[in-house]
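Participant: Below is the file entry-v6.cif, with mmCIF, C-alpha atoms.
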```cif
data_coords
loop_
_atom_site.label_atom_id
_atom_site.label_comp_id
_atom_site.auth_asym_id
_atom_site.auth_seq_id
_atom_site.Cartn_x
_atom_site.Cartn_y
_atom_site.Cartn_z
CA MET A 1 39.35 -114.13 179.77
CA LEU A 2 37.68 -116.73 181.97
CA VAL A 3 37.73 -115.58 185.58
CA LEU A 4 35.31 -117.34 187.94
CA VAL A 5 34.29 -121.03 187.84
CA LEU A 6 31.74 -122.87 189.94
CA GLY A 7 32.81 -126.46 190.67
CA ILE A 8 30.37 -129.22 191.65
CA GLU A 9 31.43 -132.61 193.04
CA SER A 10 28.88 -135.40 193.58
CA SER A 11 30.61 -138.63 192.54
CA CYS A 12 29.95 -140.59 195.74
CA ASP A 13 29.09 -139.59 199.30
CA GLU A 14 30.20 -135.95 199.53
CA THR A 15 28.40 -132.98 198.01
CA GLY A 16 30.96 -130.27 197.33
CA LEU A 17 30.66 -126.86 195.70
CA ALA A 18 33.39 -124.26 195.27
CA LEU A 19 34.27 -121.07 193.42
CA TYR A 20 37.72 -120.80 191.86
CA CYS A 21 39.09 -117.63 190.27
CA THR A 22 41.90 -117.97 187.74
CA GLN A 23 43.37 -114.69 189.03
CA GLN A 24 43.05 -114.98 192.81
CA GLY A 25 42.60 -118.71 193.44
CA LEU A 26 39.98 -120.34 195.65
CA VAL A 27 37.19 -117.91 196.53
CA GLY A 28 35.09 -120.19 198.72
CA HIS A 29 33.82 -123.74 199.16
CA GLN A 30 31.05 -125.69 200.85
CA LEU A 31 30.98 -129.41 201.65
CA HIS A 32 28.41 -131.82 203.04
CA SER A 33 29.47 -135.34 204.01
CA GLN A 34 27.02 -138.25 204.09
CA ILE A 35 29.13 -140.29 206.52
CA ASP A 36 26.55 -140.28 209.32
CA MET A 37 23.79 -141.47 206.98
CA HIS A 38 25.78 -144.32 205.43
CA ALA A 39 27.26 -145.37 208.80
CA LEU A 40 23.85 -146.91 209.61
CA TYR A 41 24.43 -149.39 206.78
CA GLY A 42 28.18 -149.90 207.11
CA GLY A 43 28.91 -148.53 203.64
CA VAL A 44 27.70 -146.24 200.87
CA VAL A 45 24.14 -146.92 199.64
CA PRO A 46 24.08 -145.48 196.08
CA GLU A 47 20.36 -144.65 195.98
CA LEU A 48 20.51 -142.81 199.29
CA ALA A 49 23.65 -140.97 198.16
CA SER A 50 21.90 -139.71 195.02
CA ARG A 51 18.80 -138.57 196.90
CA ASP A 52 20.89 -136.72 199.48
CA HIS A 53 22.86 -134.88 196.76
CA ILE A 54 19.55 -133.61 195.35
CA GLN A 55 18.57 -132.21 198.73
CA ARG A 56 21.94 -130.55 199.38
CA LEU A 57 22.89 -128.90 196.08
CA VAL A 58 20.67 -125.81 196.18
CA PRO A 59 21.24 -124.95 199.87
CA LEU A 60 25.00 -125.39 199.45
CA LEU A 61 25.04 -123.14 196.38
CA ARG A 62 23.14 -120.46 198.26
CA ALA A 63 25.49 -120.73 201.22
CA LEU A 64 28.53 -120.57 198.94
CA LEU A 65 27.37 -117.45 197.08
CA TYR A 66 26.37 -115.74 200.32
CA ALA A 67 29.65 -116.48 202.11
CA ALA A 68 31.75 -115.43 199.10
CA LYS A 69 29.62 -112.34 198.43
CA ILE A 70 29.25 -113.44 194.81
CA GLU A 71 26.19 -113.05 192.57
CA ALA A 72 25.28 -115.68 190.02
CA LYS A 73 25.80 -113.23 187.16
CA GLN A 74 29.49 -113.02 188.06
CA ILE A 75 30.11 -116.72 187.38
CA ASP A 76 31.73 -117.36 184.00
CA ALA A 77 31.45 -121.18 183.78
CA VAL A 78 30.39 -124.33 185.61
CA ALA A 79 32.53 -127.44 186.08
CA TYR A 80 31.15 -130.72 187.39
CA THR A 81 32.35 -134.26 187.99
CA LYS A 82 31.63 -136.36 184.91
CA GLY A 83 33.22 -139.56 186.24
CA PRO A 84 34.35 -141.96 187.44
CA GLY A 85 31.88 -142.56 190.25
CA LEU A 86 28.38 -143.78 191.08
CA VAL A 87 26.22 -143.03 188.04
CA GLY A 88 23.19 -141.88 190.02
CA ALA A 89 25.30 -139.60 192.18
CA LEU A 90 27.13 -138.21 189.15
CA MET A 91 23.79 -137.56 187.43
CA THR A 92 22.55 -135.28 190.21
CA GLY A 93 25.55 -132.97 190.06
CA ALA A 94 25.78 -133.04 186.28
CA CYS A 95 22.11 -132.18 185.72
CA PHE A 96 22.34 -129.39 188.30
CA ALA A 97 25.48 -128.01 186.63
CA LYS A 98 24.01 -128.19 183.13
CA SER A 99 20.82 -126.47 184.28
CA LEU A 100 22.75 -123.65 185.93
CA ALA A 101 24.98 -123.20 182.89
CA SER A 102 21.94 -123.05 180.61
CA ALA A 103 20.12 -120.57 182.83
CA TRP A 104 23.19 -118.37 183.23
CA GLN A 105 24.19 -118.80 179.55
CA VAL A 106 27.74 -119.82 180.38
CA PRO A 107 29.81 -122.85 179.29
CA ALA A 108 29.91 -126.09 181.27
CA LEU A 109 32.56 -128.80 181.40
CA GLY A 110 32.60 -132.32 182.81
CA VAL A 111 35.77 -132.96 184.83
CA HIS A 112 37.58 -136.22 185.54
CA HIS A 113 37.32 -136.93 189.27
CA MET A 114 40.88 -138.27 189.57
CA GLU A 115 42.33 -135.35 187.62
CA GLY A 116 40.69 -133.17 190.24
CA HIS A 117 42.51 -135.10 192.97
CA LEU A 118 45.77 -135.03 191.00
CA LEU A 119 45.65 -131.23 190.74
CA ALA A 120 44.38 -130.64 194.31
CA PRO A 121 47.90 -129.97 195.69
CA MET A 122 47.86 -126.82 193.54
CA LEU A 123 45.32 -125.44 196.02
CA ALA A 124 48.12 -125.27 198.61
CA ALA A 125 50.35 -122.26 199.16
CA GLN A 126 53.31 -124.18 197.69
CA SER A 127 52.35 -126.19 194.63
CA PRO A 128 54.34 -128.64 192.49
CA GLU A 129 55.74 -127.96 189.05
CA PHE A 130 55.65 -130.40 186.14
CA PRO A 131 56.85 -133.07 185.63
CA PHE A 132 56.08 -135.26 188.62
CA VAL A 133 54.89 -138.71 189.67
CA ALA A 134 51.41 -138.76 191.17
CA LEU A 135 50.38 -141.33 193.75
CA LEU A 136 46.59 -141.32 193.62
CA VAL A 137 45.38 -143.26 196.61
CA SER A 138 41.75 -143.36 197.73
CA GLY A 139 38.90 -145.70 198.51
CA GLY A 140 38.35 -146.45 194.83
CA HIS A 141 41.77 -145.97 193.23
CA THR A 142 45.44 -146.69 193.79
CA GLN A 143 47.55 -145.52 190.86
CA LEU A 144 51.01 -144.27 190.06
CA VAL A 145 50.95 -141.82 187.16
CA ALA A 146 53.75 -140.01 185.34
CA VAL A 147 52.53 -136.43 184.83
CA GLU A 148 54.36 -134.27 182.30
CA ALA A 149 51.59 -131.66 181.90
CA ILE A 150 47.86 -131.36 182.41
CA GLY A 151 46.35 -134.15 180.35
CA ARG A 152 49.71 -135.72 179.51
CA TYR A 153 49.48 -138.76 181.75
CA LYS A 154 51.11 -142.19 181.62
CA LEU A 155 49.85 -144.92 183.91
CA LEU A 156 52.82 -146.59 185.60
CA GLY A 157 50.98 -148.98 187.90
CA GLU A 158 47.68 -149.55 189.68
CA SER A 159 45.94 -151.89 192.08
CA LEU A 160 44.99 -155.23 190.58
CA ASP A 161 42.24 -155.73 193.19
CA ASP A 162 41.30 -153.64 196.24
CA ALA A 163 42.37 -150.01 196.34
CA ALA A 164 44.43 -149.01 199.36
CA GLY A 165 41.62 -146.99 200.93
CA GLU A 166 39.23 -149.88 200.34
CA ALA A 167 41.65 -152.24 202.10
CA PHE A 168 41.84 -149.82 205.04
CA ASP A 169 38.05 -149.72 205.31
CA LYS A 170 37.51 -153.46 204.88
CA SER A 171 40.25 -154.40 207.34
CA ALA A 172 38.76 -152.01 209.88
CA LYS A 173 35.33 -153.56 209.38
CA LEU A 174 36.80 -157.05 209.92
CA MET A 175 38.02 -155.87 213.33
CA GLY A 176 34.65 -154.36 214.24
CA LEU A 177 35.67 -150.70 213.88
CA PRO A 178 33.03 -148.08 212.97
CA TYR A 179 32.37 -146.75 209.46
CA PRO A 180 34.26 -145.22 207.72
CA GLY A 181 36.95 -147.62 208.82
CA GLY A 182 40.15 -146.06 207.46
CA PRO A 183 40.36 -143.06 209.83
CA HIS A 184 39.34 -145.22 212.82
CA LEU A 185 42.02 -147.78 211.94
CA ALA A 186 44.69 -145.07 211.70
CA LYS A 187 43.61 -143.65 215.07
CA ARG A 188 43.77 -147.06 216.75
CA ALA A 189 47.19 -147.69 215.21
CA LEU A 190 48.59 -144.80 217.26
CA GLN A 191 48.22 -146.98 220.37
CA GLY A 192 49.62 -150.09 218.67
CA ARG A 193 52.81 -151.88 219.65
CA PRO A 194 55.23 -152.48 216.74
CA ASP A 195 56.37 -155.97 215.73
CA ARG A 196 53.44 -157.74 217.43
CA PHE A 197 52.13 -158.96 214.07
CA ARG A 198 54.04 -159.38 210.82
CA LEU A 199 51.93 -158.79 207.72
CA PRO A 200 52.97 -159.18 204.06
CA ARG A 201 54.08 -156.31 201.84
CA PRO A 202 52.16 -157.29 198.68
CA MET A 203 54.11 -157.42 195.40
CA LEU A 204 57.25 -155.78 196.78
CA ASP A 205 59.17 -158.97 196.08
CA ARG A 206 58.66 -158.65 192.32
CA PRO A 207 59.46 -155.93 189.76
CA GLY A 208 56.87 -153.49 188.51
CA LEU A 209 54.64 -150.80 189.92
CA ASP A 210 51.29 -152.55 190.31
CA PHE A 211 49.63 -153.00 193.70
CA SER A 212 47.58 -155.72 195.36
CA PHE A 213 45.95 -155.31 198.76
CA SER A 214 43.47 -158.19 198.90
CA GLY A 215 46.08 -160.57 200.35
CA LEU A 216 46.93 -158.06 203.06
CA LYS A 217 43.27 -157.82 203.97
CA THR A 218 43.08 -161.64 204.15
CA ALA A 219 46.12 -161.70 206.44
CA VAL A 220 44.35 -159.29 208.79
CA ARG A 221 41.32 -161.57 208.90
CA THR A 222 43.48 -164.61 209.62
CA HIS A 223 45.30 -162.94 212.52
CA PHE A 224 42.12 -161.44 213.95
CA GLN A 225 40.22 -164.72 213.87
CA ALA A 226 43.13 -166.44 215.61
CA LEU A 227 42.80 -164.11 218.60
CA ASP A 228 40.81 -165.44 221.54
CA ASP A 229 38.48 -162.64 222.67
CA PRO A 230 40.66 -159.82 221.22
CA SER A 231 41.36 -156.92 223.56
CA GLU A 232 41.55 -153.25 222.64
CA GLN A 233 45.34 -153.59 222.66
CA ASP A 234 45.19 -156.60 220.34
CA ILE A 235 43.13 -154.55 217.87
CA ALA A 236 45.47 -151.56 218.14
CA ASP A 237 48.49 -153.80 217.50
CA LEU A 238 46.85 -155.33 214.43
CA CYS A 239 45.79 -151.90 213.15
CA LEU A 240 49.39 -150.72 213.40
CA ALA A 241 50.68 -153.82 211.62
CA PHE A 242 48.21 -153.29 208.78
CA GLU A 243 48.97 -149.59 208.46
CA GLN A 244 52.73 -150.20 208.39
CA ALA A 245 52.38 -152.91 205.72
CA ALA A 246 50.07 -150.86 203.49
CA ILE A 247 52.06 -147.64 203.83
CA ASP A 248 55.41 -149.39 203.34
CA THR A 249 54.07 -150.79 200.07
CA LEU A 250 52.88 -147.37 198.88
CA VAL A 251 56.18 -145.71 199.82
CA GLN A 252 58.43 -148.31 198.21
CA LYS A 253 56.42 -148.35 194.98
CA SER A 254 56.52 -144.54 194.85
CA ILE A 255 60.31 -144.61 195.20
CA ARG A 256 60.50 -147.13 192.35
CA ALA A 257 58.30 -144.91 190.17
CA LEU A 258 60.48 -141.85 190.77
CA LYS A 259 63.64 -143.82 189.98
CA GLN A 260 62.04 -145.26 186.83
CA THR A 261 60.93 -141.87 185.49
CA GLY A 262 63.90 -139.87 186.71
CA PHE A 263 61.52 -137.30 188.23
CA LYS A 264 62.31 -135.78 191.62
CA THR A 265 58.83 -134.67 192.64
CA LEU A 266 56.00 -136.77 194.05
CA VAL A 267 52.40 -135.60 194.33
CA VAL A 268 50.18 -137.57 196.72
CA ALA A 269 46.41 -137.10 196.47
CA GLY A 270 43.15 -138.82 197.33
CA GLY A 271 41.59 -139.62 200.68
CA VAL A 272 44.49 -141.72 201.96
CA SER A 273 46.85 -138.77 201.42
CA ALA A 274 45.48 -137.44 204.72
CA ASN A 275 47.06 -140.38 206.57
CA LEU A 276 49.75 -138.89 208.81
CA TYR A 277 51.86 -142.06 208.91
CA LEU A 278 51.98 -142.08 205.09
CA ARG A 279 53.07 -138.44 205.03
CA ASN A 280 55.71 -139.07 207.68
CA GLN A 281 57.19 -142.08 205.90
CA LEU A 282 57.19 -140.35 202.53
CA GLU A 283 58.83 -137.23 203.96
CA GLN A 284 61.64 -139.36 205.38
CA ALA A 285 62.10 -141.18 202.07
CA MET A 286 62.02 -137.97 200.00
CA CYS A 287 64.40 -136.08 202.33
CA LYS A 288 66.90 -138.92 202.25
CA ARG A 289 67.10 -138.74 198.44
CA GLY A 290 66.80 -134.99 197.93
CA TRP A 291 63.31 -135.30 196.42
CA GLN A 292 60.16 -133.33 197.20
CA ALA A 293 56.61 -134.48 198.05
CA TYR A 294 53.47 -132.37 197.77
CA TYR A 295 50.00 -132.96 199.23
CA PRO A 296 46.63 -131.22 199.10
CA PRO A 297 45.60 -129.19 202.15
CA MET A 298 43.99 -131.60 204.63
CA GLU A 299 40.48 -130.29 203.92
CA PHE A 300 40.89 -131.12 200.22
CA CYS A 301 42.22 -134.68 200.51
CA THR A 302 38.77 -136.26 200.36
CA ASP A 303 36.24 -135.45 197.63
CA ASN A 304 35.48 -131.74 197.38
CA GLY A 305 34.25 -129.06 195.00
CA ALA A 306 37.45 -127.02 195.11
CA MET A 307 39.46 -129.59 193.15
CA ILE A 308 36.72 -129.79 190.50
CA ALA A 309 36.54 -126.02 190.22
CA LEU A 310 40.33 -125.82 189.82
CA ALA A 311 40.59 -128.61 187.23
CA GLY A 312 37.62 -127.21 185.36
CA ALA A 313 39.02 -123.67 185.39
CA LEU A 314 42.32 -124.79 183.86
CA ARG A 315 40.58 -126.68 181.05
CA LEU A 316 37.89 -124.08 180.45
CA GLN A 317 40.55 -121.39 180.28
CA ALA A 318 42.20 -123.44 177.50
CA GLY A 319 38.95 -123.33 175.52
CA GLN A 320 37.49 -126.73 176.40
CA TYR A 321 33.78 -127.07 177.18
CA ASP A 322 30.94 -129.57 176.71
CA GLN A 323 29.74 -129.81 173.11
CA LEU A 324 27.75 -133.04 173.30
CA PRO A 325 24.62 -134.01 175.27
CA LEU A 326 25.17 -135.09 178.86
CA ALA A 327 27.31 -138.25 179.02
CA LEU A 328 28.50 -139.66 182.35
CA LEU A 329 31.25 -142.24 182.77
CA ALA A 330 31.23 -144.61 185.74
CA ARG A 331 34.61 -145.84 184.47
CA TRP A 332 36.97 -143.42 182.76
CA PRO A 333 40.72 -144.03 182.34
CA LEU A 334 42.77 -140.99 183.29
CA THR A 335 44.98 -141.56 180.26
CA ASP A 336 42.00 -140.92 177.94
CA LEU A 337 41.98 -137.22 178.81
CA GLN A 338 42.90 -134.58 176.25
CA GLU A 339 46.20 -132.79 176.77
CA LEU A 340 46.05 -129.04 177.23
#
```
Rewrite the structure from the file as structure tokens, please.
Facilitator:
Amino acid sequence: MLVLVLGIESSCDETGLALYCTQQGLVGHQLHSQIDMHALYGGVVPELASRDHIQRLVPLLRALLYAAKIEAKQIDAVAYTKGPGLVGALMTGACFAKSLASAWQVPALGVHHMEGHLLAPMLAAQSPEFPFVALLVSGGHTQLVAVEAIGRYKLLGESLDDAAGEAFDKSAKLMGLPYPGGPHLAKRALQGRPDRFRLPRPMLDRPGLDFSFSGLKTAVRTHFQALDDPSEQDIADLCLAFEQAAIDTLVQKSIRALKQTGFKTLVVAGGVSANLYLRNQLEQAMCKRGWQAYYPPMEFCTDNGAMIALAGALRLQAGQYDQLPLALLARWPLTDLQEL
């Protein structure tokens, strides 16, 4: 029986490696963030991201094996992020994973990045049971998915333009906040005064479960440009107004999705799932209706190797592994995945 899986994540600007055991859970993980490097440019530079992954993979693997007191010969399989993501960044992790698997003579499997996020709450002490609605909310994706089992996914709604995390980052940049903007915006919002600005709740006035955040971002620009020499308090007030509008939209759409499916469990994953205001508002909404929400541990909200190791372990244990030459997918619908 498959026991120990090495997971490798390199889809964008984090290099993550982890070991997951199907019997005892997460054995160890290592993560390097490229935030400081990309902050010089105000956003992710794909070529630099790829080059940095190449430099980090071997040292991180050595550190992981040393900290976990594991030898390479004990590893039974290698999982890596196959997509979606930046192709150059994906290539570095995939080639490294395939090389290790070949040298160690163990199977390898390419994992869907968003399935990794979707399953990340299972790394917590209390994990959800199927079925549930998943709110996948990050810098690149905003989706509501009905999840009946691993691989049995139905897309209920998604963003028609900017993802929620992308809107956080772009709105922060419009107000002159440092990169990455989302966490800085959320921090400034803590000092904001409510009801100073009124921003739209996109697409809440119509049926359906799709999202749109580009209009909200435009509203932030309009209000900010109308300010004459904006003060720190002005910026904090506008940050709070944006956060409330974006989170209110996510919460209300999640409630609609649960009512539509009849499920009583919500899983929230992706980088924005670390937002404390989102968690607070969802907890209030879930408690009021007798529903339950689950989140990944804070350290596994953003991209990481642990979620790839977990997702890979579950699929490898079911007998799935790569049979074709290396094929990476910059775009890869979650609903295309094979059911276990």
Participant: Which distance in Å separates CA of Leu40 (chain A) and CA of Gly88 (chain A), to one decimal?
Facilitator: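 The value is 20.2 Å.
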Participant: I'd like the residues picked by the PyMOL selection byres ((chain A and resi 199-209) around 10) written out as a PyMOL selection string, using the chain letters and numbers from the file.
Facilitator: chain A and resi 143-144+155-159+195-198+210-220+223+238+241-250+252-257+260
Participant: At what distance in Å, to one decimal, does CA of Val78 (chain A) lie from CA of Val106 (chain A)?
Facilitator: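 Interatomic distance, CA of Val106 (chain A) to CA of Val78 (chain A): 7.4 Å.
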Participant: Give me the result of the PyMOL selection byres ((chain A and resi 271) around 10) on this file, residue by residue, as a PyMOL selection string.
Facilitator: chain A and resi 117+136-141+164-165+182-183+268-270+272-275+296+298-303
Participant: So, counting all atoms listed in the file, which residue among A:Pro333, A:Pro128, A:Pro107, A:Gly16 is closest to His29 (chain A)?
Facilitator: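 Smallest distance to His29 (chain A) is found for A:Gly16.
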Participant: Return the padded bounding box of region 319-325 of chain A as lines of an AutoDock Vina configuration file: axis-aligned, built from all atoms listed in the file, 3 Å added on each side, with centre and edge lengths in Å to one decimal.
Facilitator:
```
center_x = 31.8
center_y = -128.7
center_z = 175.1
size_x = 20.3
size_y = 16.7
size_z = 10.1
```
Participant: Work out how far CA of Ala79 (chain A) is from CA of Ala101 (chain A), in Å to one decimal.
Facilitator: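 CA of Ala79 (chain A) lies at a distance of 9.2 Å from CA of Ala101 (chain A).
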Participant: Between A:Leu6, A:Ala189, A:Ile308, A:Lys264, which residue has the minimum interatomic distance to Ala72 (chain A), considering all atoms listed in the file?
Facilitator: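 Distance minimum relative to Ala72 (chain A) lands on A:Leu6.
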Participant: For region 196-207 of chain A of the block above, can you save all heavy atoms as an mmCIF file, in the first residue's frame?
Facilitator:
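See decode-v3.cif below for the written result:
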```
data_model
loop_
_atom_site.group_PDB
_atom_site.id
_atom_site.type_symbol
_atom_site.label_atom_id
_atom_site.label_comp_id
_atom_site.auth_asym_id
_atom_site.auth_seq_id
_atom_site.Cartn_x
_atom_site.Cartn_y
_atom_site.Cartn_z
ATOM 1 N N ARG A 196 -18.310 55.186 5.532
ATOM 2 C CA ARG A 196 -17.737 56.393 4.921
ATOM 3 C C ARG A 196 -17.946 56.360 3.409
ATOM 4 O O ARG A 196 -18.295 57.356 2.787
ATOM 5 C CB ARG A 196 -16.240 56.453 5.258
ATOM 6 C CG ARG A 196 -15.455 57.484 4.465
ATOM 7 C CD ARG A 196 -15.535 58.865 5.038
ATOM 8 N NE ARG A 196 -14.907 59.845 4.166
ATOM 9 C CZ ARG A 196 -13.602 60.038 4.072
ATOM 10 N NH1 ARG A 196 -12.765 59.320 4.817
ATOM 11 N NH2 ARG A 196 -13.128 60.961 3.266
ATOM 12 N N PHE A 197 -17.704 55.197 2.804
ATOM 13 C CA PHE A 197 -17.899 55.020 1.365
ATOM 14 C C PHE A 197 -18.887 53.877 1.158
ATOM 15 O O PHE A 197 -18.868 52.894 1.889
ATOM 16 C CB PHE A 197 -16.588 54.680 0.663
ATOM 17 C CG PHE A 197 -15.528 55.747 0.784
ATOM 18 C CD1 PHE A 197 -14.516 55.618 1.725
ATOM 19 C CD2 PHE A 197 -15.543 56.859 -0.033
ATOM 20 C CE1 PHE A 197 -13.521 56.577 1.846
ATOM 21 C CE2 PHE A 197 -14.565 57.840 0.079
ATOM 22 C CZ PHE A 197 -13.559 57.702 1.024
ATOM 23 N N ARG A 198 -19.706 53.993 0.151
ATOM 24 C CA ARG A 198 -20.639 52.927 -0.210
ATOM 25 C C ARG A 198 -20.245 52.383 -1.571
ATOM 26 O O ARG A 198 -20.301 53.093 -2.573
ATOM 27 C CB ARG A 198 -22.075 53.455 -0.243
ATOM 28 C CG ARG A 198 -23.117 52.420 -0.662
ATOM 29 C CD ARG A 198 -23.232 51.289 0.346
ATOM 30 N NE ARG A 198 -24.138 50.246 -0.132
ATOM 31 C CZ ARG A 198 -24.360 49.107 0.502
ATOM 32 N NH1 ARG A 198 -23.736 48.864 1.647
ATOM 33 N NH2 ARG A 198 -25.189 48.202 0.015
ATOM 34 N N LEU A 199 -19.814 51.135 -1.603
ATOM 35 C CA LEU A 199 -19.381 50.503 -2.842
ATOM 36 C C LEU A 199 -20.374 49.419 -3.259
ATOM 37 O O LEU A 199 -21.051 48.831 -2.420
ATOM 38 C CB LEU A 199 -17.989 49.890 -2.662
ATOM 39 C CG LEU A 199 -16.861 50.869 -2.317
ATOM 40 C CD1 LEU A 199 -15.537 50.127 -2.186
ATOM 41 C CD2 LEU A 199 -16.745 51.968 -3.358
ATOM 42 N N PRO A 200 -20.463 49.143 -4.564
ATOM 43 C CA PRO A 200 -21.446 48.162 -5.055
ATOM 44 C C PRO A 200 -21.119 46.740 -4.636
ATOM 45 O O PRO A 200 -19.957 46.395 -4.408
ATOM 46 C CB PRO A 200 -21.350 48.322 -6.580
ATOM 47 C CG PRO A 200 -19.965 48.842 -6.820
ATOM 48 C CD PRO A 200 -19.665 49.739 -5.657
ATOM 49 N N ARG A 201 -22.163 45.928 -4.531
ATOM 50 C CA ARG A 201 -22.029 44.479 -4.318
ATOM 51 C C ARG A 201 -22.337 43.820 -5.663
ATOM 52 O O ARG A 201 -23.503 43.564 -5.993
ATOM 53 C CB ARG A 201 -23.001 43.970 -3.265
ATOM 54 C CG ARG A 201 -22.506 44.041 -1.833
ATOM 55 C CD ARG A 201 -22.238 45.422 -1.337
ATOM 56 N NE ARG A 201 -21.931 45.422 0.107
ATOM 57 C CZ ARG A 201 -21.324 46.418 0.716
ATOM 58 N NH1 ARG A 201 -20.957 47.508 0.040
ATOM 59 N NH2 ARG A 201 -21.089 46.360 2.009
ATOM 60 N N PRO A 202 -21.302 43.540 -6.464
ATOM 61 C CA PRO A 202 -21.520 43.125 -7.854
ATOM 62 C C PRO A 202 -22.352 41.852 -7.995
ATOM 63 O O PRO A 202 -22.091 40.847 -7.338
ATOM 64 C CB PRO A 202 -20.101 42.902 -8.379
ATOM 65 C CG PRO A 202 -19.222 43.660 -7.452
ATOM 66 C CD PRO A 202 -19.890 43.612 -6.122
ATOM 67 N N MET A 203 -23.375 41.925 -8.839
ATOM 68 C CA MET A 203 -24.200 40.794 -9.259
ATOM 69 C C MET A 203 -25.044 40.176 -8.143
ATOM 70 O O MET A 203 -25.603 39.101 -8.323
ATOM 71 C CB MET A 203 -23.337 39.706 -9.935
ATOM 72 C CG MET A 203 -22.615 40.190 -11.178
ATOM 73 S SD MET A 203 -21.710 38.901 -12.063
ATOM 74 C CE MET A 203 -23.061 37.984 -12.812
ATOM 75 N N LEU A 204 -25.159 40.859 -7.011
ATOM 76 C CA LEU A 204 -26.061 40.360 -5.975
ATOM 77 C C LEU A 204 -27.512 40.686 -6.284
ATOM 78 O O LEU A 204 -28.417 40.082 -5.694
ATOM 79 C CB LEU A 204 -25.691 40.958 -4.608
ATOM 80 C CG LEU A 204 -24.496 40.333 -3.880
ATOM 81 C CD1 LEU A 204 -24.367 40.925 -2.484
ATOM 82 C CD2 LEU A 204 -24.631 38.816 -3.791
ATOM 83 N N ASP A 205 -27.728 41.614 -7.189
ATOM 84 C CA ASP A 205 -29.090 42.027 -7.526
ATOM 85 C C ASP A 205 -29.692 41.180 -8.640
ATOM 86 O O ASP A 205 -30.755 41.503 -9.156
ATOM 87 C CB ASP A 205 -29.111 43.503 -7.929
ATOM 88 C CG ASP A 205 -28.211 43.782 -9.131
ATOM 89 O OD1 ASP A 205 -27.397 42.908 -9.478
ATOM 90 O OD2 ASP A 205 -28.321 44.887 -9.705
ATOM 91 N N ARG A 206 -29.030 40.110 -9.006
ATOM 92 C CA ARG A 206 -29.545 39.225 -10.055
ATOM 93 C C ARG A 206 -29.350 37.777 -9.624
ATOM 94 O O ARG A 206 -28.478 37.482 -8.807
ATOM 95 C CB ARG A 206 -28.840 39.504 -11.386
ATOM 96 C CG ARG A 206 -27.358 39.162 -11.387
ATOM 97 C CD ARG A 206 -26.665 39.606 -12.655
ATOM 98 N NE ARG A 206 -26.442 41.040 -12.672
ATOM 99 C CZ ARG A 206 -25.801 41.677 -13.641
ATOM 100 N NH1 ARG A 206 -25.348 40.989 -14.691
ATOM 101 N NH2 ARG A 206 -25.626 42.978 -13.581
ATOM 102 N N PRO A 207 -30.133 36.854 -10.161
ATOM 103 C CA PRO A 207 -30.002 35.441 -9.771
ATOM 104 C C PRO A 207 -28.701 34.842 -10.309
ATOM 105 O O PRO A 207 -28.045 35.416 -11.180
ATOM 106 C CB PRO A 207 -31.229 34.783 -10.410
ATOM 107 C CG PRO A 207 -31.590 35.675 -11.551
ATOM 108 C CD PRO A 207 -31.241 37.069 -11.114
#
```
